[in-house]
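Text of query-v1.txt, listed as compact mmCIF, N, CA and C atoms:
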```
# COMPACT_ATOMS: atom_id res chain seq x y z
N MET A 13 77.07 96.06 103.49
CA MET A 13 76.91 94.90 102.65
C MET A 13 77.74 95.11 101.39
N LEU A 14 78.39 94.05 100.95
CA LEU A 14 79.29 94.17 99.81
C LEU A 14 78.58 94.57 98.53
N VAL A 15 77.33 94.20 98.39
CA VAL A 15 76.60 94.56 97.17
C VAL A 15 76.58 96.08 97.01
N CYS A 16 76.44 96.80 98.12
CA CYS A 16 76.41 98.27 98.07
C CYS A 16 77.77 98.84 97.68
N LEU A 17 78.82 98.04 97.82
CA LEU A 17 80.16 98.52 97.55
C LEU A 17 80.60 98.26 96.12
N ALA A 18 79.77 97.60 95.38
CA ALA A 18 80.17 97.11 94.09
C ALA A 18 80.51 98.21 93.09
N LEU A 19 81.75 98.20 92.63
CA LEU A 19 82.21 99.00 91.49
C LEU A 19 83.71 98.82 91.31
N LEU A 20 84.16 98.07 90.33
CA LEU A 20 85.58 97.84 90.13
C LEU A 20 85.95 97.40 88.71
N VAL A 21 87.00 97.99 88.15
CA VAL A 21 87.47 97.51 86.85
C VAL A 21 88.90 97.94 86.58
N PHE A 22 89.65 97.21 85.76
CA PHE A 22 91.06 97.50 85.51
C PHE A 22 91.49 97.29 84.06
N VAL A 23 92.67 97.82 83.69
CA VAL A 23 93.12 97.90 82.32
C VAL A 23 94.36 97.06 82.06
N ALA A 24 94.68 96.89 80.76
CA ALA A 24 95.78 96.06 80.29
C ALA A 24 97.08 96.30 81.02
N SER A 25 97.73 95.24 81.36
CA SER A 25 98.96 95.06 82.11
C SER A 25 99.77 96.29 82.52
N ALA A 26 99.12 97.35 82.82
CA ALA A 26 99.77 98.49 83.46
C ALA A 26 99.36 98.45 84.92
N THR A 27 99.95 99.29 85.73
CA THR A 27 99.50 99.38 87.11
C THR A 27 98.71 100.66 87.27
N PHE A 28 97.54 100.55 87.84
CA PHE A 28 96.67 101.69 88.07
C PHE A 28 96.70 102.02 89.55
N VAL A 29 96.77 103.28 89.89
CA VAL A 29 96.76 103.68 91.29
C VAL A 29 95.50 104.49 91.54
N ALA A 30 94.59 103.94 92.32
CA ALA A 30 93.37 104.64 92.71
C ALA A 30 93.60 105.12 94.13
N ALA A 31 93.73 106.41 94.28
CA ALA A 31 94.10 107.00 95.57
C ALA A 31 95.45 106.41 95.93
N THR A 32 95.53 105.57 96.99
CA THR A 32 96.83 105.00 97.34
C THR A 32 96.86 103.49 97.15
N ALA A 33 95.83 102.93 96.57
CA ALA A 33 95.75 101.48 96.43
C ALA A 33 96.36 101.05 95.10
N ASP A 34 97.46 100.30 95.15
CA ASP A 34 98.09 99.79 93.94
C ASP A 34 97.39 98.51 93.51
N VAL A 35 97.04 98.42 92.25
CA VAL A 35 96.39 97.23 91.71
C VAL A 35 96.91 97.00 90.29
N ASN A 36 96.87 95.74 89.88
CA ASN A 36 97.21 95.40 88.50
C ASN A 36 95.95 95.52 87.65
N THR A 37 96.15 95.74 86.37
CA THR A 37 95.02 95.81 85.47
C THR A 37 95.10 94.66 84.47
N PRO A 38 94.07 93.82 84.42
CA PRO A 38 94.08 92.68 83.52
C PRO A 38 94.16 93.09 82.05
N ASP A 39 94.80 92.27 81.26
CA ASP A 39 94.90 92.49 79.81
C ASP A 39 93.52 92.64 79.19
N GLY A 40 93.41 93.57 78.27
CA GLY A 40 92.18 93.74 77.51
C GLY A 40 91.18 94.70 78.12
N TYR A 41 91.39 95.12 79.36
CA TYR A 41 90.44 96.03 80.02
C TYR A 41 90.85 97.48 79.80
N LYS A 42 89.86 98.33 79.60
CA LYS A 42 90.09 99.76 79.40
C LYS A 42 89.19 100.55 80.33
N ILE A 43 89.73 101.64 80.88
CA ILE A 43 88.96 102.49 81.79
C ILE A 43 87.87 103.23 81.01
N ASN A 44 86.68 103.21 81.56
CA ASN A 44 85.58 104.00 81.01
C ASN A 44 85.52 105.29 81.83
N ASP A 45 86.12 106.35 81.33
CA ASP A 45 86.20 107.63 82.05
C ASP A 45 84.82 108.19 82.39
N ASN A 46 83.82 107.85 81.61
CA ASN A 46 82.46 108.36 81.88
C ASN A 46 81.87 107.80 83.17
N LEU A 47 82.42 106.69 83.66
CA LEU A 47 81.89 106.06 84.87
C LEU A 47 82.76 106.31 86.09
N THR A 48 83.84 107.07 85.95
CA THR A 48 84.74 107.34 87.06
C THR A 48 84.08 108.27 88.08
N ILE A 49 84.24 107.93 89.34
CA ILE A 49 83.79 108.77 90.45
C ILE A 49 85.03 109.18 91.22
N ASP A 50 85.22 110.48 91.44
CA ASP A 50 86.43 110.96 92.09
C ASP A 50 86.12 111.74 93.37
N LYS A 51 86.49 111.15 94.48
CA LYS A 51 86.40 111.81 95.80
C LYS A 51 85.01 112.39 96.08
N GLN A 52 84.03 111.51 96.02
CA GLN A 52 82.65 111.91 96.31
C GLN A 52 82.25 111.38 97.70
N PRO A 53 81.32 112.07 98.36
CA PRO A 53 80.85 111.56 99.66
C PRO A 53 80.11 110.24 99.48
N GLY A 54 80.30 109.34 100.43
CA GLY A 54 79.64 108.05 100.39
C GLY A 54 79.71 107.43 101.77
N GLU A 55 79.55 106.12 101.82
CA GLU A 55 79.66 105.43 103.10
C GLU A 55 80.14 104.01 102.92
N LEU A 56 80.70 103.50 104.00
CA LEU A 56 81.16 102.11 104.06
C LEU A 56 80.71 101.55 105.40
N GLN A 57 79.86 100.54 105.36
CA GLN A 57 79.34 99.92 106.58
C GLN A 57 78.77 100.96 107.53
N GLY A 58 78.06 101.95 106.99
CA GLY A 58 77.39 102.94 107.81
C GLY A 58 78.25 104.11 108.27
N LYS A 59 79.54 104.11 107.89
CA LYS A 59 80.42 105.22 108.26
C LYS A 59 80.66 106.11 107.05
N ALA A 60 80.71 107.42 107.31
CA ALA A 60 80.96 108.38 106.24
C ALA A 60 82.32 108.10 105.61
N ALA A 61 82.39 108.24 104.29
CA ALA A 61 83.63 107.95 103.56
C ALA A 61 83.74 108.87 102.35
N VAL A 62 84.97 109.01 101.87
CA VAL A 62 85.22 109.66 100.59
C VAL A 62 85.47 108.53 99.60
N VAL A 63 84.71 108.52 98.51
CA VAL A 63 84.69 107.38 97.59
C VAL A 63 85.29 107.77 96.24
N THR A 64 86.19 106.92 95.77
CA THR A 64 86.73 107.04 94.42
C THR A 64 86.50 105.70 93.73
N SER A 65 85.99 105.72 92.50
CA SER A 65 85.65 104.49 91.81
C SER A 65 86.06 104.56 90.35
N VAL A 66 86.58 103.44 89.86
CA VAL A 66 86.99 103.34 88.46
C VAL A 66 86.36 102.07 87.89
N VAL A 67 85.82 102.19 86.69
CA VAL A 67 85.23 101.04 86.02
C VAL A 67 86.04 100.77 84.75
N MET A 68 86.43 99.53 84.57
CA MET A 68 87.13 99.13 83.36
C MET A 68 86.30 98.09 82.64
N GLU A 69 86.39 98.13 81.34
CA GLU A 69 85.56 97.26 80.52
C GLU A 69 86.39 96.50 79.50
N ASN A 70 85.93 95.29 79.22
CA ASN A 70 86.50 94.46 78.16
C ASN A 70 85.30 93.81 77.48
N GLY A 71 84.84 94.42 76.42
CA GLY A 71 83.61 93.96 75.78
C GLY A 71 82.45 94.18 76.73
N THR A 72 81.72 93.10 77.04
CA THR A 72 80.59 93.24 77.97
C THR A 72 81.01 92.97 79.42
N ASP A 73 82.25 92.54 79.65
CA ASP A 73 82.74 92.33 81.02
C ASP A 73 83.21 93.65 81.60
N ASN A 74 83.06 93.78 82.91
CA ASN A 74 83.58 94.96 83.58
C ASN A 74 84.06 94.60 84.97
N ILE A 75 84.96 95.41 85.47
CA ILE A 75 85.49 95.29 86.83
C ILE A 75 85.37 96.68 87.42
N THR A 76 84.93 96.74 88.66
CA THR A 76 84.83 98.02 89.34
C THR A 76 85.74 98.01 90.55
N LEU A 77 86.57 99.01 90.67
CA LEU A 77 87.45 99.20 91.82
C LEU A 77 86.99 100.45 92.54
N THR A 78 86.69 100.30 93.82
CA THR A 78 86.25 101.45 94.61
C THR A 78 87.12 101.55 95.85
N THR A 79 87.62 102.76 96.12
CA THR A 79 88.35 102.99 97.36
C THR A 79 87.50 103.85 98.27
N PHE A 80 87.60 103.55 99.56
CA PHE A 80 86.86 104.26 100.59
C PHE A 80 87.85 104.81 101.61
N SER A 81 87.90 106.12 101.75
CA SER A 81 88.70 106.75 102.80
C SER A 81 87.76 107.05 103.95
N VAL A 82 88.02 106.40 105.09
CA VAL A 82 87.14 106.50 106.26
C VAL A 82 87.97 106.94 107.45
N ASP A 83 87.43 107.85 108.26
CA ASP A 83 88.10 108.20 109.52
C ASP A 83 87.89 107.05 110.50
N GLY A 84 88.98 106.50 111.00
CA GLY A 84 88.88 105.39 111.94
C GLY A 84 88.80 104.06 111.22
N ASP A 85 88.47 103.03 111.99
CA ASP A 85 88.42 101.69 111.44
C ASP A 85 86.97 101.29 111.19
N VAL A 86 86.78 100.29 110.37
CA VAL A 86 85.45 99.79 110.03
C VAL A 86 85.42 98.30 110.35
N ASP A 87 84.38 97.88 111.04
CA ASP A 87 84.20 96.47 111.38
C ASP A 87 83.59 95.77 110.17
N LEU A 88 84.37 94.88 109.57
CA LEU A 88 83.89 94.17 108.38
C LEU A 88 83.21 92.85 108.72
N SER A 89 83.13 92.52 110.01
CA SER A 89 82.57 91.22 110.39
C SER A 89 81.10 91.07 109.98
N ASP A 90 80.39 92.17 109.85
CA ASP A 90 78.99 92.07 109.43
C ASP A 90 78.79 92.49 107.98
N ALA A 91 79.86 92.45 107.19
CA ALA A 91 79.78 92.86 105.78
C ALA A 91 79.21 91.76 104.89
N GLY A 92 78.98 90.59 105.44
CA GLY A 92 78.51 89.47 104.64
C GLY A 92 79.69 88.78 103.99
N GLY A 93 79.50 87.64 103.41
CA GLY A 93 80.60 86.92 102.77
C GLY A 93 81.44 86.16 103.78
N GLN A 94 82.60 85.74 103.31
CA GLN A 94 83.51 84.94 104.14
C GLN A 94 84.89 85.58 104.18
N LYS A 95 85.59 85.37 105.28
CA LYS A 95 86.96 85.87 105.36
C LYS A 95 87.81 85.10 104.36
N LYS A 96 88.68 85.84 103.67
CA LYS A 96 89.52 85.20 102.66
C LYS A 96 90.77 86.04 102.47
N THR A 97 91.88 85.38 102.15
CA THR A 97 93.12 86.06 101.83
C THR A 97 93.42 85.85 100.35
N ILE A 98 93.59 86.96 99.63
CA ILE A 98 93.93 86.90 98.21
C ILE A 98 95.24 87.65 98.03
N ASN A 99 96.24 86.96 97.54
CA ASN A 99 97.58 87.55 97.33
C ASN A 99 98.07 88.31 98.55
N GLY A 100 97.88 87.72 99.72
CA GLY A 100 98.38 88.31 100.96
C GLY A 100 97.50 89.37 101.58
N LYS A 101 96.40 89.73 100.93
CA LYS A 101 95.48 90.73 101.47
C LYS A 101 94.29 90.02 102.11
N GLU A 102 94.11 90.26 103.41
CA GLU A 102 92.97 89.68 104.11
C GLU A 102 91.74 90.55 103.88
N GLY A 103 90.61 89.90 103.63
CA GLY A 103 89.40 90.66 103.39
C GLY A 103 88.17 89.79 103.47
N ILE A 104 87.10 90.31 102.94
CA ILE A 104 85.81 89.61 102.89
C ILE A 104 85.50 89.32 101.42
N TYR A 105 85.18 88.05 101.14
CA TYR A 105 84.89 87.62 99.77
C TYR A 105 83.46 87.11 99.71
N GLN A 106 82.80 87.43 98.59
CA GLN A 106 81.43 86.99 98.40
C GLN A 106 81.16 86.79 96.91
N GLU A 107 80.36 85.78 96.59
CA GLU A 107 79.86 85.62 95.22
C GLU A 107 78.38 85.92 95.25
N LYS A 108 77.95 86.80 94.36
CA LYS A 108 76.54 87.20 94.33
C LYS A 108 76.14 87.57 92.92
N ASP A 109 75.02 87.06 92.48
CA ASP A 109 74.47 87.38 91.17
C ASP A 109 75.49 87.17 90.05
N GLY A 110 76.28 86.10 90.13
CA GLY A 110 77.26 85.80 89.10
C GLY A 110 78.50 86.67 89.12
N ARG A 111 78.70 87.44 90.19
CA ARG A 111 79.86 88.33 90.33
C ARG A 111 80.67 87.93 91.56
N SER A 112 81.95 88.25 91.54
CA SER A 112 82.83 88.03 92.68
C SER A 112 83.15 89.38 93.30
N LEU A 113 83.01 89.47 94.63
CA LEU A 113 83.23 90.72 95.35
C LEU A 113 84.30 90.49 96.42
N PHE A 114 85.24 91.41 96.53
CA PHE A 114 86.28 91.32 97.55
C PHE A 114 86.48 92.70 98.15
N LEU A 115 86.47 92.76 99.48
CA LEU A 115 86.66 94.01 100.21
C LEU A 115 87.81 93.82 101.19
N CYS A 116 88.81 94.69 101.12
CA CYS A 116 89.97 94.57 102.01
C CYS A 116 90.49 95.95 102.38
N LYS A 117 91.39 95.98 103.36
CA LYS A 117 92.01 97.23 103.75
C LYS A 117 93.41 97.28 103.16
N VAL A 118 93.73 98.39 102.51
CA VAL A 118 95.05 98.60 101.94
C VAL A 118 95.55 99.94 102.48
N GLY A 119 96.54 99.88 103.34
CA GLY A 119 97.01 101.10 103.99
C GLY A 119 95.90 101.68 104.84
N GLU A 120 95.58 102.93 104.63
CA GLU A 120 94.53 103.61 105.40
C GLU A 120 93.18 103.58 104.70
N GLN A 121 93.09 102.90 103.56
CA GLN A 121 91.85 102.88 102.79
C GLN A 121 91.29 101.47 102.70
N PHE A 122 90.00 101.40 102.44
CA PHE A 122 89.36 100.14 102.13
C PHE A 122 89.15 100.09 100.62
N VAL A 123 89.36 98.91 100.05
CA VAL A 123 89.25 98.73 98.61
C VAL A 123 88.23 97.63 98.33
N SER A 124 87.29 97.92 97.46
CA SER A 124 86.28 96.96 97.04
C SER A 124 86.50 96.65 95.57
N ILE A 125 86.51 95.36 95.24
CA ILE A 125 86.65 94.92 93.86
C ILE A 125 85.44 94.07 93.50
N ASN A 126 84.79 94.43 92.41
CA ASN A 126 83.64 93.70 91.90
C ASN A 126 84.02 93.25 90.50
N ALA A 127 84.17 91.94 90.31
CA ALA A 127 84.66 91.40 89.04
C ALA A 127 83.81 90.22 88.60
N PRO A 128 83.94 89.84 87.32
CA PRO A 128 83.18 88.70 86.82
C PRO A 128 83.54 87.38 87.51
N ASN A 129 84.79 87.27 88.03
CA ASN A 129 85.20 86.03 88.68
C ASN A 129 86.39 86.26 89.61
N GLU A 130 86.65 85.29 90.47
CA GLU A 130 87.74 85.39 91.45
C GLU A 130 89.11 85.46 90.78
N LYS A 131 89.28 84.79 89.66
CA LYS A 131 90.58 84.81 88.97
C LYS A 131 90.98 86.24 88.60
N LEU A 132 90.03 87.06 88.16
CA LEU A 132 90.34 88.46 87.83
C LEU A 132 90.71 89.24 89.09
N ILE A 133 90.05 88.96 90.20
CA ILE A 133 90.42 89.63 91.46
C ILE A 133 91.85 89.27 91.83
N GLU A 134 92.22 88.00 91.66
CA GLU A 134 93.60 87.57 91.95
C GLU A 134 94.61 88.31 91.07
N LYS A 135 94.25 88.63 89.83
CA LYS A 135 95.14 89.36 88.95
C LYS A 135 95.25 90.84 89.33
N ILE A 136 94.22 91.36 89.98
CA ILE A 136 94.15 92.77 90.34
C ILE A 136 94.88 93.07 91.64
N VAL A 137 94.63 92.26 92.65
CA VAL A 137 95.18 92.52 93.99
C VAL A 137 96.68 92.24 93.99
N VAL A 138 97.45 93.25 94.43
CA VAL A 138 98.91 93.07 94.54
C VAL A 138 99.34 93.16 95.98
```

How does this structure look as structure tokens?
Amino acid sequence: MLVCLALLVFVASATFVAATADVNTPDGYKINDNLTIDKQPGELQGKAAVVTSVVMENGTDNITLTTFSVDGDVDLSDAGGQKKTINGKEGIYQEKDGRSLFLCKVGEQFVSINAPNEKLIEKIVV
């Protein structure tokens, strides 16, 4: 479920690389190093994964970017949400509790973005 994947944030117009996932960082956002998770055990859709997560903040707003390294493929059809393409990346999109969530595959990793709105996700996904 995408709610379990929630954690994503990005920083001012530089490019941040989390593992191998290239993403843009929206203006005004700064990484909160105290919330960074680096290569910890976790799971994605019930499969074991190595998880890296970065949280960026802009005042009270935050975006969480989480990458999941999983052996093999993961079936996202039961992840909840709807299929959606954002900036050429196919994934699963959901709005929940006033947040926008997007989960997609980038290279060999899965990337989850949890942001205040879809417009910020569009700015992040390259």

- request: Identify, on the basis of all atoms listed in the file, every residue whose closest approach to Lys95 (chain A) does not exceed 5 Å; exclude the query and any residue fewer than 5 positions from it along the same chain; express the result as a PyMOL selection string.
  value: chain A and resi 103-105

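Pairwise distance (atom C of Asp50 (chain A), atom N of Glu120 (chain A)) equals 17.1 Å.
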
Nearest to Gly92 (chain A), chosen from A:Asn70, A:Gln106, A:Asn129, A:Ser124, with all atoms listed in the file counted in the distances: A:Gln106

- prompt: Using all atoms listed in the file, which residue out of A:Val137, A:Lys42, A:Met68, A:Gln121 lies closest to Lys101 (chain A)?
  reply: A:Val137

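Using only C-alpha atoms for every distance, the candidate list A:Lys117, A:Lys135, A:Ile98, A:Ala91 yields A:Ala91 as the residue closest to Gly58 (chain A).
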
- prompt: Do you have the atom C of Pro128 (chain A)-atom C of Gly71 (chain A) distance handy?
  reply: 12.8 Å

Got a sec to write region 47-59 of chain A of the block to a file, all heavy atoms, as an mmCIF file, in the first residue's frame?
```
data_model
loop_
_atom_site.group_PDB
_atom_site.id
_atom_site.type_symbol
_atom_site.label_atom_id
_atom_site.label_comp_id
_atom_site.auth_asym_id
_atom_site.auth_seq_id
_atom_site.Cartn_x
_atom_site.Cartn_y
_atom_site.Cartn_z
ATOM 1 N N LEU A 47 16.456 13.172 9.258
ATOM 2 C CA LEU A 47 15.407 12.236 8.863
ATOM 3 C C LEU A 47 15.840 11.296 7.749
ATOM 4 O O LEU A 47 15.055 10.470 7.288
ATOM 5 C CB LEU A 47 14.152 13.011 8.441
ATOM 6 C CG LEU A 47 13.520 13.884 9.529
ATOM 7 C CD1 LEU A 47 12.336 14.657 8.975
ATOM 8 C CD2 LEU A 47 13.108 13.039 10.720
ATOM 9 N N THR A 48 17.086 11.397 7.298
ATOM 10 C CA THR A 48 17.578 10.555 6.214
ATOM 11 C C THR A 48 17.746 9.113 6.687
ATOM 12 O O THR A 48 18.249 8.854 7.770
ATOM 13 C CB THR A 48 18.927 11.083 5.682
ATOM 14 O OG1 THR A 48 18.692 12.388 5.130
ATOM 15 C CG2 THR A 48 19.507 10.192 4.614
ATOM 16 N N ILE A 49 17.304 8.189 5.851
ATOM 17 C CA ILE A 49 17.486 6.758 6.083
ATOM 18 C C ILE A 49 18.361 6.248 4.947
ATOM 19 O O ILE A 49 18.044 6.463 3.777
ATOM 20 C CB ILE A 49 16.136 6.015 6.089
ATOM 21 C CG1 ILE A 49 15.252 6.537 7.220
ATOM 22 C CG2 ILE A 49 16.342 4.511 6.179
ATOM 23 C CD1 ILE A 49 13.822 6.039 7.159
ATOM 24 N N ASP A 50 19.454 5.569 5.265
ATOM 25 C CA ASP A 50 20.390 5.128 4.236
ATOM 26 C C ASP A 50 20.580 3.610 4.259
ATOM 27 O O ASP A 50 21.127 3.066 5.222
ATOM 28 C CB ASP A 50 21.744 5.822 4.423
ATOM 29 C CG ASP A 50 22.697 5.563 3.273
ATOM 30 O OD1 ASP A 50 22.243 5.320 2.139
ATOM 31 O OD2 ASP A 50 23.913 5.601 3.512
ATOM 32 N N LYS A 51 20.083 2.979 3.218
ATOM 33 C CA LYS A 51 20.288 1.536 2.991
ATOM 34 C C LYS A 51 19.911 0.687 4.203
ATOM 35 O O LYS A 51 20.697 -0.095 4.705
ATOM 36 C CB LYS A 51 21.728 1.277 2.558
ATOM 37 C CG LYS A 51 22.074 1.957 1.255
ATOM 38 C CD LYS A 51 23.506 1.712 0.859
ATOM 39 C CE LYS A 51 23.812 2.478 -0.424
ATOM 40 N NZ LYS A 51 25.225 2.453 -0.756
ATOM 41 N N GLN A 52 18.672 0.833 4.617
ATOM 42 C CA GLN A 52 18.149 0.054 5.742
ATOM 43 C C GLN A 52 17.224 -1.043 5.205
ATOM 44 O O GLN A 52 16.613 -0.902 4.158
ATOM 45 C CB GLN A 52 17.373 0.956 6.701
ATOM 46 C CG GLN A 52 18.223 2.008 7.362
ATOM 47 C CD GLN A 52 19.278 1.405 8.267
ATOM 48 O OE1 GLN A 52 18.997 0.543 9.085
ATOM 49 N NE2 GLN A 52 20.525 1.842 8.100
ATOM 50 N N PRO A 53 17.107 -2.151 5.945
ATOM 51 C CA PRO A 53 16.174 -3.199 5.508
ATOM 52 C C PRO A 53 14.735 -2.694 5.596
ATOM 53 O O PRO A 53 14.383 -1.933 6.498
ATOM 54 C CB PRO A 53 16.416 -4.342 6.489
ATOM 55 C CG PRO A 53 17.311 -3.826 7.550
ATOM 56 C CD PRO A 53 17.829 -2.490 7.153
ATOM 57 N N GLY A 54 13.931 -3.102 4.631
ATOM 58 C CA GLY A 54 12.529 -2.722 4.604
ATOM 59 C C GLY A 54 11.784 -3.641 3.662
ATOM 60 O O GLY A 54 12.265 -4.737 3.346
ATOM 61 N N GLU A 55 10.637 -3.188 3.190
ATOM 62 C CA GLU A 55 9.888 -3.998 2.240
ATOM 63 C C GLU A 55 9.054 -3.131 1.325
ATOM 64 O O GLU A 55 8.731 -1.989 1.649
ATOM 65 C CB GLU A 55 9.027 -5.040 2.937
ATOM 66 C CG GLU A 55 7.834 -4.514 3.674
ATOM 67 C CD GLU A 55 6.963 -5.640 4.209
ATOM 68 O OE1 GLU A 55 7.490 -6.572 4.835
ATOM 69 O OE2 GLU A 55 5.745 -5.566 3.989
ATOM 70 N N LEU A 56 8.737 -3.705 0.185
ATOM 71 C CA LEU A 56 7.868 -3.066 -0.808
ATOM 72 C C LEU A 56 6.898 -4.125 -1.296
ATOM 73 O O LEU A 56 7.325 -5.157 -1.831
ATOM 74 C CB LEU A 56 8.688 -2.510 -1.976
ATOM 75 C CG LEU A 56 7.877 -1.920 -3.126
ATOM 76 C CD1 LEU A 56 7.112 -0.670 -2.664
ATOM 77 C CD2 LEU A 56 8.772 -1.579 -4.302
ATOM 78 N N GLN A 57 5.619 -3.907 -1.053
ATOM 79 C CA GLN A 57 4.578 -4.845 -1.459
ATOM 80 C C GLN A 57 4.892 -6.259 -0.980
ATOM 81 O O GLN A 57 4.733 -7.233 -1.700
ATOM 82 C CB GLN A 57 4.388 -4.824 -2.977
ATOM 83 C CG GLN A 57 3.835 -3.513 -3.519
ATOM 84 C CD GLN A 57 2.478 -3.187 -2.956
ATOM 85 O OE1 GLN A 57 2.370 -2.319 -2.098
ATOM 86 N NE2 GLN A 57 1.453 -3.847 -3.402
ATOM 87 N N GLY A 58 5.396 -6.383 0.245
ATOM 88 C CA GLY A 58 5.644 -7.678 0.842
ATOM 89 C C GLY A 58 6.968 -8.328 0.466
ATOM 90 O O GLY A 58 7.280 -9.416 0.936
ATOM 91 N N LYS A 59 7.772 -7.658 -0.371
ATOM 92 C CA LYS A 59 9.079 -8.207 -0.744
ATOM 93 C C LYS A 59 10.181 -7.459 -0.003
ATOM 94 O O LYS A 59 10.117 -6.245 0.159
ATOM 95 C CB LYS A 59 9.307 -8.079 -2.251
ATOM 96 C CG LYS A 59 8.412 -8.983 -3.078
ATOM 97 C CD LYS A 59 8.793 -8.919 -4.521
ATOM 98 C CE LYS A 59 9.643 -10.124 -4.844
ATOM 99 N NZ LYS A 59 9.966 -10.213 -6.263
#
```
